file structure02.pdb (PDB, C-alpha atoms)
MODEL        1
ATOM      1  CA  MET A  24     258.249 -17.998-173.799
ATOM      2  CA  ARG A  25     257.239 -18.925-177.312
ATOM      3  CA  ILE A  26     257.465 -22.703-177.610
ATOM      4  CA  THR A  27     256.633 -24.426-180.866
ATOM      5  CA  ALA A  28     253.965 -27.049-180.333
ATOM      6  CA  ARG A  29     254.976 -29.641-182.852
ATOM      7  CA  GLY A  30     256.091 -33.220-182.893
ATOM      8  CA  PRO A  31     259.751 -34.164-183.191
ATOM      9  CA  ALA A  32     260.838 -33.806-186.801
ATOM     10  CA  VAL A  33     260.512 -37.056-188.699
ATOM     11  CA  GLY A  34     262.795 -38.132-191.516
ATOM     12  CA  ALA A  35     262.284 -36.471-194.866
ATOM     13  CA  THR A  36     259.973 -33.763-193.567
ATOM     14  CA  ALA A  37     262.499 -32.315-191.147
ATOM     15  CA  LEU A  38     263.825 -28.867-192.012
ATOM     16  CA  VAL A  39     266.664 -28.762-189.506
ATOM     17  CA  THR A  40     270.358 -29.686-189.619
ATOM     18  CA  VAL A  41     271.930 -32.680-187.894
ATOM     19  CA  LEU A  42     274.912 -33.124-185.580
ATOM     20  CA  LEU A  43     275.867 -36.692-184.654
ATOM     21  CA  ALA A  44     277.862 -37.585-181.564
ATOM     22  CA  ALA A  45     279.934 -40.698-180.915
ATOM     23  CA  VAL A  46     278.056 -43.822-179.917
ATOM     24  CA  THR A  47     279.130 -45.520-176.720
ATOM     25  CA  GLY A  48     277.219 -48.718-177.400
ATOM     26  CA  CYS A  49     275.356 -48.379-174.091
ATOM     27  CA  SER A  50     271.590 -48.556-173.892
ATOM     28  CA  SER A  51     269.500 -45.978-172.095
ATOM     29  CA  SER A  52     268.839 -46.727-168.470
ATOM     30  CA  GLY A  53     265.442 -46.915-166.873
ATOM     31  CA  PRO A  54     263.676 -43.819-165.587
ATOM     32  CA  SER A  55     265.325 -41.860-162.801
ATOM     33  CA  ASP A  56     265.263 -38.263-161.669
ATOM     34  CA  GLY A  57     268.174 -37.484-163.963
ATOM     35  CA  ASP A  58     271.951 -37.793-164.121
ATOM     36  CA  ASP A  59     274.652 -35.680-165.735
ATOM     37  CA  GLY A  60     273.464 -36.402-169.277
ATOM     38  CA  SER A  61     277.079 -36.942-170.355
ATOM     39  CA  LYS A  62     276.245 -38.684-173.650
ATOM     40  CA  LEU A  63     273.950 -35.854-174.629
ATOM     41  CA  LEU A  64     276.543 -33.276-173.581
ATOM     42  CA  THR A  65     279.153 -35.023-175.714
ATOM     43  CA  ALA A  66     276.895 -34.574-178.725
ATOM     44  CA  LEU A  67     276.167 -30.927-177.945
ATOM     45  CA  GLY A  68     279.911 -30.354-177.633
ATOM     46  CA  ALA A  69     280.318 -30.677-181.404
ATOM     47  CA  LEU A  70     278.050 -27.723-182.145
ATOM     48  CA  ALA A  71     278.911 -24.026-181.756
ATOM     49  CA  ASP A  72     277.062 -22.254-178.953
ATOM     50  CA  ASP A  73     275.466 -19.679-181.264
ATOM     51  CA  SER A  74     273.413 -22.571-182.665
ATOM     52  CA  GLY A  75     271.412 -22.471-179.430
ATOM     53  CA  THR A  76     269.107 -19.760-180.741
ATOM     54  CA  LYS A  77     267.392 -22.431-182.842
ATOM     55  CA  GLN A  78     265.574 -25.637-182.031
ATOM     56  CA  VAL A  79     268.016 -28.463-181.324
ATOM     57  CA  THR A  80     267.314 -32.194-181.504
ATOM     58  CA  PHE A  81     269.553 -34.988-180.222
ATOM     59  CA  LEU A  82     268.906 -38.591-181.259
ATOM     60  CA  ASP A  83     270.688 -41.789-180.271
ATOM     61  CA  THR A  84     269.675 -43.444-183.509
ATOM     62  CA  ALA A  85     271.312 -46.763-182.712
ATOM     63  CA  ARG A  86     269.384 -47.018-179.448
ATOM     64  CA  VAL A  87     266.023 -46.151-180.980
ATOM     65  CA  ARG A  88     266.587 -48.726-183.740
ATOM     66  CA  GLU A  89     267.094 -51.307-181.028
ATOM     67  CA  LEU A  90     263.897 -50.223-179.284
ATOM     68  CA  SER A  91     261.954 -50.193-182.554
ATOM     69  CA  LYS A  92     262.568 -53.906-183.010
ATOM     70  CA  GLY A  93     259.987 -54.374-180.279
ATOM     71  CA  GLY A  94     257.494 -51.940-181.842
ATOM     72  CA  ALA A  95     258.466 -49.827-184.852
ATOM     73  CA  GLU A  96     255.083 -48.105-185.062
ATOM     74  CA  ARG A  97     255.226 -47.131-181.390
ATOM     75  CA  PHE A  98     258.521 -45.255-181.877
ATOM     76  CA  ALA A  99     257.798 -43.853-185.342
ATOM     77  CA  SER A 100     257.485 -40.232-184.186
ATOM     78  CA  VAL A 101     260.858 -40.164-182.423
ATOM     79  CA  SER A 102     262.976 -42.552-184.489
ATOM     80  CA  GLU A 103     264.355 -40.439-187.351
ATOM     81  CA  PRO A 104     267.081 -37.767-187.423
ATOM     82  CA  ALA A 105     265.824 -34.275-188.212
ATOM     83  CA  SER A 106     268.035 -33.271-191.112
ATOM     84  CA  PRO A 107     267.621 -31.211-194.289
ATOM     85  CA  LEU A 108     270.031 -33.607-196.003
ATOM     86  CA  LEU A 109     267.366 -36.287-195.604
ATOM     87  CA  SER A 110     264.540 -34.086-196.886
ATOM     88  CA  PRO A 111     263.085 -33.522-200.372
ATOM     89  CA  HIS A 112     264.879 -30.169-200.368
ATOM     90  CA  GLU A 113     268.204 -32.019-200.814
ATOM     91  CA  PRO A 114     267.126 -35.007-202.944
ATOM     92  CA  GLY A 115     269.833 -37.612-203.384
ATOM     93  CA  LEU A 116     272.704 -35.375-202.303
ATOM     94  CA  LEU A 117     274.391 -38.150-200.310
ATOM     95  CA  GLY A 118     273.843 -40.744-203.021
ATOM     96  CA  PRO A 119     271.638 -43.807-203.531
ATOM     97  CA  GLN A 120     273.804 -45.997-201.285
ATOM     98  CA  PHE A 121     273.341 -43.766-198.256
ATOM     99  CA  GLU A 122     270.882 -45.054-195.645
ATOM    100  CA  VAL A 123     269.683 -43.570-192.373
ATOM    101  CA  ALA A 124     270.633 -46.881-190.746
ATOM    102  CA  GLN A 125     274.291 -45.881-191.223
ATOM    103  CA  ILE A 126     273.814 -43.110-188.639
ATOM    104  CA  ASP A 127     274.384 -43.950-184.978
ATOM    105  CA  THR A 128     273.530 -40.733-183.084
ATOM    106  CA  ALA A 129     272.308 -37.274-184.085
ATOM    107  CA  VAL A 130     271.840 -33.746-182.792
ATOM    108  CA  ASP A 131     270.098 -31.221-185.034
ATOM    109  CA  THR A 132     269.713 -27.497-185.520
ATOM    110  CA  ALA A 133     268.247 -25.458-188.342
ATOM    111  CA  GLU A 134     271.684 -24.577-189.724
ATOM    112  CA  ALA A 135     274.426 -27.054-188.901
ATOM    113  CA  GLY A 136     275.183 -30.630-187.993
ATOM    114  CA  HIS A 137     277.606 -33.469-187.438
ATOM    115  CA  TRP A 138     276.938 -37.209-187.774
ATOM    116  CA  THR A 139     278.899 -40.213-186.629
ATOM    117  CA  GLY A 140     278.273 -43.740-187.787
ATOM    118  CA  SER A 141     279.489 -46.089-190.494
ATOM    119  CA  PHE A 142     279.493 -44.348-193.870
ATOM    120  CA  ASP A 143     280.817 -45.061-197.352
ATOM    121  CA  ALA A 144     282.775 -41.836-197.782
ATOM    122  CA  ALA A 145     283.830 -42.698-201.333
ATOM    123  CA  ALA A 146     280.221 -43.206-202.423
ATOM    124  CA  VAL A 147     279.088 -39.984-200.741
ATOM    125  CA  THR A 148     281.849 -37.906-202.334
ATOM    126  CA  ARG A 149     281.054 -39.384-205.756
ATOM    127  CA  SER A 150     277.479 -38.220-205.289
ATOM    128  CA  LEU A 151     278.633 -34.763-204.211
ATOM    129  CA  LYS A 152     280.798 -34.479-207.322
ATOM    130  CA  SER A 153     277.873 -35.496-209.517
ATOM    131  CA  ASN A 154     275.849 -32.698-207.911
ATOM    132  CA  GLY A 155     278.479 -30.115-208.815
ATOM    133  CA  TYR A 156     280.297 -29.962-205.475
ATOM    134  CA  ALA A 157     284.023 -29.229-205.321
ATOM    135  CA  GLN A 158     286.582 -30.011-202.614
ATOM    136  CA  SER A 159     288.783 -27.508-200.784
ATOM    137  CA  GLU A 160     290.690 -27.375-197.499
ATOM    138  CA  LYS A 161     289.668 -25.387-194.431
ATOM    139  CA  ASP A 162     291.770 -25.447-191.243
ATOM    140  CA  GLY A 163     293.316 -28.750-192.258
ATOM    141  CA  ARG A 164     289.991 -30.405-193.089
ATOM    142  CA  GLU A 165     288.651 -31.339-196.497
ATOM    143  CA  VAL A 166     285.403 -29.490-197.156
ATOM    144  CA  TRP A 167     282.934 -30.058-199.973
ATOM    145  CA  ALA A 168     280.894 -27.072-201.140
ATOM    146  CA  HIS A 169     278.894 -26.034-204.174
ATOM    147  CA  PRO A 170     280.773 -23.412-206.220
ATOM    148  CA  GLY A 171     277.570 -21.426-206.547
ATOM    149  CA  GLY A 172     277.405 -20.999-202.781
ATOM    150  CA  THR A 173     274.108 -22.861-202.536
ATOM    151  CA  GLY A 174     273.291 -25.857-200.370
ATOM    152  CA  ALA A 175     275.261 -27.311-197.496
ATOM    153  CA  SER A 176     279.015 -27.387-196.979
ATOM    154  CA  LEU A 177     280.205 -30.809-195.809
ATOM    155  CA  HIS A 178     283.108 -32.723-194.319
ATOM    156  CA  VAL A 179     282.864 -36.456-195.056
ATOM    157  CA  SER A 180     284.733 -39.482-193.716
ATOM    158  CA  ASP A 181     283.917 -43.132-193.090
ATOM    159  CA  ASP A 182     282.864 -42.420-189.502
ATOM    160  CA  GLU A 183     281.517 -38.873-189.549
ATOM    161  CA  ILE A 184     279.692 -36.357-191.691
ATOM    162  CA  SER A 185     279.657 -32.689-190.688
ATOM    163  CA  TYR A 186     277.692 -30.062-192.532
ATOM    164  CA  SER A 187     276.356 -26.539-192.347
ATOM    165  CA  THR A 188     274.069 -24.321-194.399
ATOM    166  CA  ARG A 189     275.324 -21.019-192.997
ATOM    167  CA  ASP A 190     276.309 -18.381-195.526
ATOM    168  CA  SER A 191     279.355 -17.085-193.637
ATOM    169  CA  ASP A 192     282.154 -19.434-192.489
ATOM    170  CA  PRO A 193     279.734 -22.379-192.472
ATOM    171  CA  MET A 194     282.000 -25.053-190.988
ATOM    172  CA  ALA A 195     282.667 -22.956-187.876
ATOM    173  CA  ALA A 196     279.211 -24.070-186.769
ATOM    174  CA  VAL A 197     280.419 -27.674-186.420
ATOM    175  CA  ASP A 198     283.976 -26.959-185.306
ATOM    176  CA  PRO A 199     283.548 -24.846-182.148
ATOM    177  CA  GLU A 200     286.514 -23.401-180.316
ATOM    178  CA  ASP A 201     287.244 -24.618-176.788
ATOM    179  CA  GLY A 202     284.608 -23.374-174.369
ATOM    180  CA  SER A 203     282.233 -22.184-177.086
ATOM    181  CA  SER A 204     280.071 -25.220-177.819
ATOM    182  CA  LEU A 205     276.456 -25.851-176.865
ATOM    183  CA  ALA A 206     277.758 -28.170-174.144
ATOM    184  CA  ASP A 207     279.428 -25.096-172.608
ATOM    185  CA  ASP A 208     276.221 -23.055-172.715
ATOM    186  CA  LYS A 209     274.925 -22.846-169.134
ATOM    187  CA  GLU A 210     271.269 -23.312-170.026
ATOM    188  CA  PHE A 211     271.806 -26.222-172.417
ATOM    189  CA  ARG A 212     274.132 -27.864-169.918
ATOM    190  CA  ARG A 213     271.596 -27.442-167.143
ATOM    191  CA  ALA A 214     268.788 -28.843-169.292
ATOM    192  CA  SER A 215     270.976 -31.813-170.217
ATOM    193  CA  GLU A 216     271.653 -32.520-166.550
ATOM    194  CA  CYS A 217     267.906 -32.360-165.929
ATOM    195  CA  LEU A 218     267.116 -34.775-168.776
ATOM    196  CA  GLY A 219     269.791 -37.312-167.892
ATOM    197  CA  ASP A 220     270.363 -40.417-170.006
ATOM    198  CA  VAL A 221     267.924 -40.019-172.906
ATOM    199  CA  TYR A 222     267.827 -41.479-176.399
ATOM    200  CA  ARG A 223     266.155 -38.351-177.758
ATOM    201  CA  ALA A 224     266.035 -34.729-176.641
ATOM    202  CA  ASP A 225     264.213 -31.804-178.250
ATOM    203  CA  PHE A 226     265.260 -28.326-177.065
ATOM    204  CA  ASN A 227     263.365 -25.072-177.584
ATOM    205  CA  PRO A 228     265.198 -21.906-176.452
ATOM    206  CA  SER A 229     263.426 -18.736-175.403
ATOM    207  CA  THR A 230     263.596 -15.763-177.731
ATOM    208  CA  ALA A 231     263.629 -13.162-174.929
ATOM    209  CA  SER A 232     265.769 -12.930-171.786
ATOM    210  CA  SER A 233     262.800 -11.597-169.803
ATOM    211  CA  GLU A 234     260.791 -14.809-170.184
ATOM    212  CA  PRO A 235     260.379 -16.906-166.999
ATOM    213  CA  VAL A 236     261.407 -20.084-168.866
ATOM    214  CA  ARG A 237     264.770 -19.707-170.582
ATOM    215  CA  LEU A 238     264.954 -23.148-172.215
ATOM    216  CA  ALA A 239     262.431 -25.976-172.560
ATOM    217  CA  ALA A 240     263.389 -29.555-173.379
ATOM    218  CA  LEU A 241     261.648 -32.888-173.802
ATOM    219  CA  GLY A 242     263.606 -36.120-173.407
ATOM    220  CA  GLN A 243     262.758 -39.764-174.065
ATOM    221  CA  ARG A 244     263.990 -42.714-172.001
ATOM    222  CA  ALA A 245     263.146 -46.379-172.370
ATOM    223  CA  SER A 246     264.291 -49.473-170.517
ATOM    224  CA  SER A 247     262.457 -51.574-173.126
ATOM    225  CA  ALA A 248     260.116 -51.111-176.075
ATOM    226  CA  SER A 249     257.111 -51.287-173.757
ATOM    227  CA  LYS A 250     258.455 -48.956-171.042
ATOM    228  CA  ASN A 251     259.006 -45.393-172.212
ATOM    229  CA  THR A 252     259.207 -42.309-170.017
ATOM    230  CA  GLU A 253     259.089 -38.687-171.165
ATOM    231  CA  ILE A 254     260.993 -36.017-169.242
ATOM    232  CA  LEU A 255     260.031 -32.375-169.523
ATOM    233  CA  CYS A 256     262.685 -29.934-168.310
ATOM    234  CA  PHE A 257     262.257 -26.183-168.033
ATOM    235  CA  VAL A 258     265.292 -24.049-167.166
ATOM    236  CA  ALA A 259     263.799 -21.093-165.311
ATOM    237  CA  LYS A 260     264.907 -17.483-164.921
ATOM    238  CA  ASP A 261     264.972 -17.740-161.125
ATOM    239  CA  ASP A 262     263.718 -19.813-158.187
ATOM    240  CA  ALA A 263     260.428 -17.906-158.018
ATOM    241  CA  ALA A 264     259.662 -18.664-161.668
ATOM    242  CA  ALA A 265     260.540 -22.330-161.127
ATOM    243  CA  LYS A 266     258.291 -22.624-158.077
ATOM    244  CA  SER A 267     255.398 -20.980-159.898
ATOM    245  CA  LEU A 268     255.748 -23.306-162.883
ATOM    246  CA  GLU A 269     255.900 -26.340-160.585
ATOM    247  CA  GLY A 270     252.481 -25.439-159.185
ATOM    248  CA  GLU A 271     251.015 -24.883-162.638
ATOM    249  CA  LEU A 272     252.265 -28.253-163.875
ATOM    250  CA  LEU A 273     250.868 -30.044-160.836
ATOM    251  CA  ASP A 274     247.504 -28.378-161.461
ATOM    252  CA  VAL A 275     247.493 -29.686-165.044
ATOM    253  CA  VAL A 276     248.420 -33.207-163.925
ATOM    254  CA  GLY A 277     245.463 -33.245-161.544
ATOM    255  CA  ALA A 278     242.990 -31.608-163.910
ATOM    256  CA  LYS A 279     243.787 -33.892-166.846
ATOM    257  CA  SER A 280     243.747 -37.221-164.995
ATOM    258  CA  PRO A 281     244.215 -39.970-166.101
ATOM    259  CA  LYS A 282     246.222 -38.586-169.067
ATOM    260  CA  PHE A 283     249.289 -37.749-166.953
ATOM    261  CA  ASP A 284     248.801 -40.169-164.065
ATOM    262  CA  GLY A 285     252.074 -41.163-162.407
ATOM    263  CA  THR A 286     253.790 -37.871-163.272
ATOM    264  CA  LYS A 287     256.380 -36.622-160.790
ATOM    265  CA  VAL A 288     257.124 -32.878-160.763
ATOM    266  CA  THR A 289     260.198 -31.563-158.936
ATOM    267  CA  VAL A 290     262.249 -28.364-158.708
ATOM    268  CA  GLU A 291     266.013 -28.045-158.405
ATOM    269  CA  LYS A 292     267.079 -24.610-157.197
ATOM    270  CA  GLY A 293     270.316 -22.760-157.844
ATOM    271  CA  ASP A 294     271.885 -20.285-160.251
ATOM    272  CA  GLN A 295     270.138 -22.140-163.074
ATOM    273  CA  PRO A 296     266.977 -23.585-161.457
ATOM    274  CA  PHE A 297     264.918 -26.070-163.398
ATOM    275  CA  VAL A 298     261.554 -27.790-163.176
ATOM    276  CA  ARG A 299     261.385 -31.452-164.154
ATOM    277  CA  ALA A 300     258.236 -33.427-164.961
ATOM    278  CA  VAL A 301     258.791 -37.178-165.362
ATOM    279  CA  VAL A 302     255.818 -38.603-167.268
ATOM    280  CA  PRO A 303     255.391 -42.361-167.811
ATOM    281  CA  ASP A 304     253.865 -43.539-171.089
ATOM    282  CA  SER A 305     251.408 -46.408-170.993
ATOM    283  CA  ALA A 306     251.697 -49.214-173.539
ATOM    284  CA  SER A 307     249.083 -47.454-175.689
ATOM    285  CA  GLN A 308     250.777 -44.033-175.563
ATOM    286  CA  ARG A 309     253.451 -43.312-178.173
ATOM    287  CA  PRO A 310     256.739 -41.622-177.241
ATOM    288  CA  GLY A 311     256.726 -37.952-178.184
ATOM    289  CA  ARG A 312     253.062 -37.499-177.289
ATOM    290  CA  LEU A 313     253.833 -34.522-175.033
ATOM    291  CA  ILE A 314     254.614 -32.367-178.092
ATOM    292  CA  ILE A 315     252.402 -34.199-180.578
ATOM    293  CA  SER A 316     249.005 -34.775-178.994
ATOM    294  CA  ASP A 317     249.037 -34.377-175.198
ATOM    295  CA  LEU A 318     250.296 -30.790-175.207
ATOM    296  CA  GLU A 319     248.946 -29.432-171.929
ATOM    297  CA  LEU A 320     252.129 -29.784-169.849
ATOM    298  CA  TRP A 321     254.394 -28.507-172.626
ATOM    299  CA  MET A 322     252.175 -25.514-173.327
ATOM    300  CA  THR A 323     251.908 -24.552-169.660
ATOM    301  CA  ALA A 324     255.374 -23.013-169.932
ATOM    302  CA  ALA A 325     254.344 -21.053-173.021
ATOM    303  CA  GLU A 326     251.494 -19.220-171.343
TER     304      GLU A 326
ENDMDL
END
call {"tool": "encode", "arguments": {"input": "structure02.pdb", "output": "structure tokens"}}
result
Amino acid sequence: MRITARGPAVGATALVTVLLAAVTGCSSSGPSDGDDGSKLLTALGALADDSGTKQVTFLDTARVRELSKGGAERFASVSEPASPLLSPHEPGLLGPQFEVAQIDTAVDTAEAGHWTGSFDAAAVTRSLKSNGYAQSEKDGREVWAHPGGTGASLHVSDDEISYSTRDSDPMAAVDPEDGSSLADDKEFRRASECLGDVYRADFNPSTASSEPVRLAALGQRASSASKNTEILCFVAKDDAAAKSLEGELLDVVGAKSPKFDGTKVTVEKGDQPFVRAVVPDSASQRPGRLIISDLELWMTAAE
């Protein structure tokens, strides 16, 4: 499986598209072996399943802002949505009054996205007009698009912003039909169940069905600013592949001590088996380190 070894996209440098899910107002729980990941699944449910061929990032922005109050520098690598609308490639499209702090949760792909939060829709649409965008109606929704066919197509309201950069039927990417969202995709659903209640999740799908790891994901959980846990989840092709990867991960944990001390590696068998590695971060280790600096566990699945 070809897995990109990079840190989570940060703010203006991100070249992926954002989908935001509704915020429940609940904080992430402390580390556990995983639950149903319902908040994450709710976010993935707003994105069409064909978006799963790209990298996908979910971010509970409201939760990470809360955590950052106890250490902004510590959470810097995992605290920003990964969106092209926030990058230099789309300078000022949403207007000078738009702030990232207006976003509550986010899930990102390279092509499409949906945000929820508290937005000034009037200010955003004024900015779109000033950038040459025009409004039309698509399936009962107001859509803003550039007449030249360049840039993103958007739906804007006071509590959500949806957008897509696809060339053909762009808004279909953020308005999936019943049963055809990423939350309905078996591998993404299984990975979400493995991750559980996380404030951030970065997914990397396999590019070939023959690969032993079908989908890799890294999640972040924190009960407080000083207690962060990273969860690696690998959805495997079959039980044999999962068992083999479990052994390889355990070998890395032992060989690289004390870097991954305290890590717990488990396998859950079934039609969609997965391997989970729960890795505690020390107070000196920044969240996101498993795909920024301490890459050995992540890259084990790529070999």
call {"tool": "atom_distance", "arguments": {"input": "structure02.pdb", "atom1": "atom CA of Arg213 of chain A", "atom2": "atom CA of Leu313 of chain A"}}
result
20.7 Å
call {"tool": "closest_residue", "arguments": {"input": "structure02.pdb", "among": "A:Lys62, A:His137, A:Lys260, A:His178", "to": "Ser233 of chain A", "atoms": "only C-alpha atoms"}}
result
A:Lys260
call {"tool": "resolve_selection", "arguments": {"input": "structure02.pdb", "expression": "the PyMOL selection byres ((chain A and resi 212) around 12)", "output": "count of residues only"}}
result
36
call {"tool": "residues_around", "arguments": {"input": "structure02.pdb", "residues": "Gly140 of chain A", "least_positions_apart": "5", "cutoff": "6 Å", "atoms": "all atoms listed in the file", "output": "ChimeraX atom specification"}}
result
/A:125-127,182
call {"tool": "residues_around", "arguments": {"input": "structure02.pdb", "residues": "Val288 of chain A", "least_positions_apart": "3", "cutoff": "8 Å", "atoms": "all atoms listed in the file", "output": "MDAnalysis selection string"}}
result
chainID A and resid 269 272:273 298:301
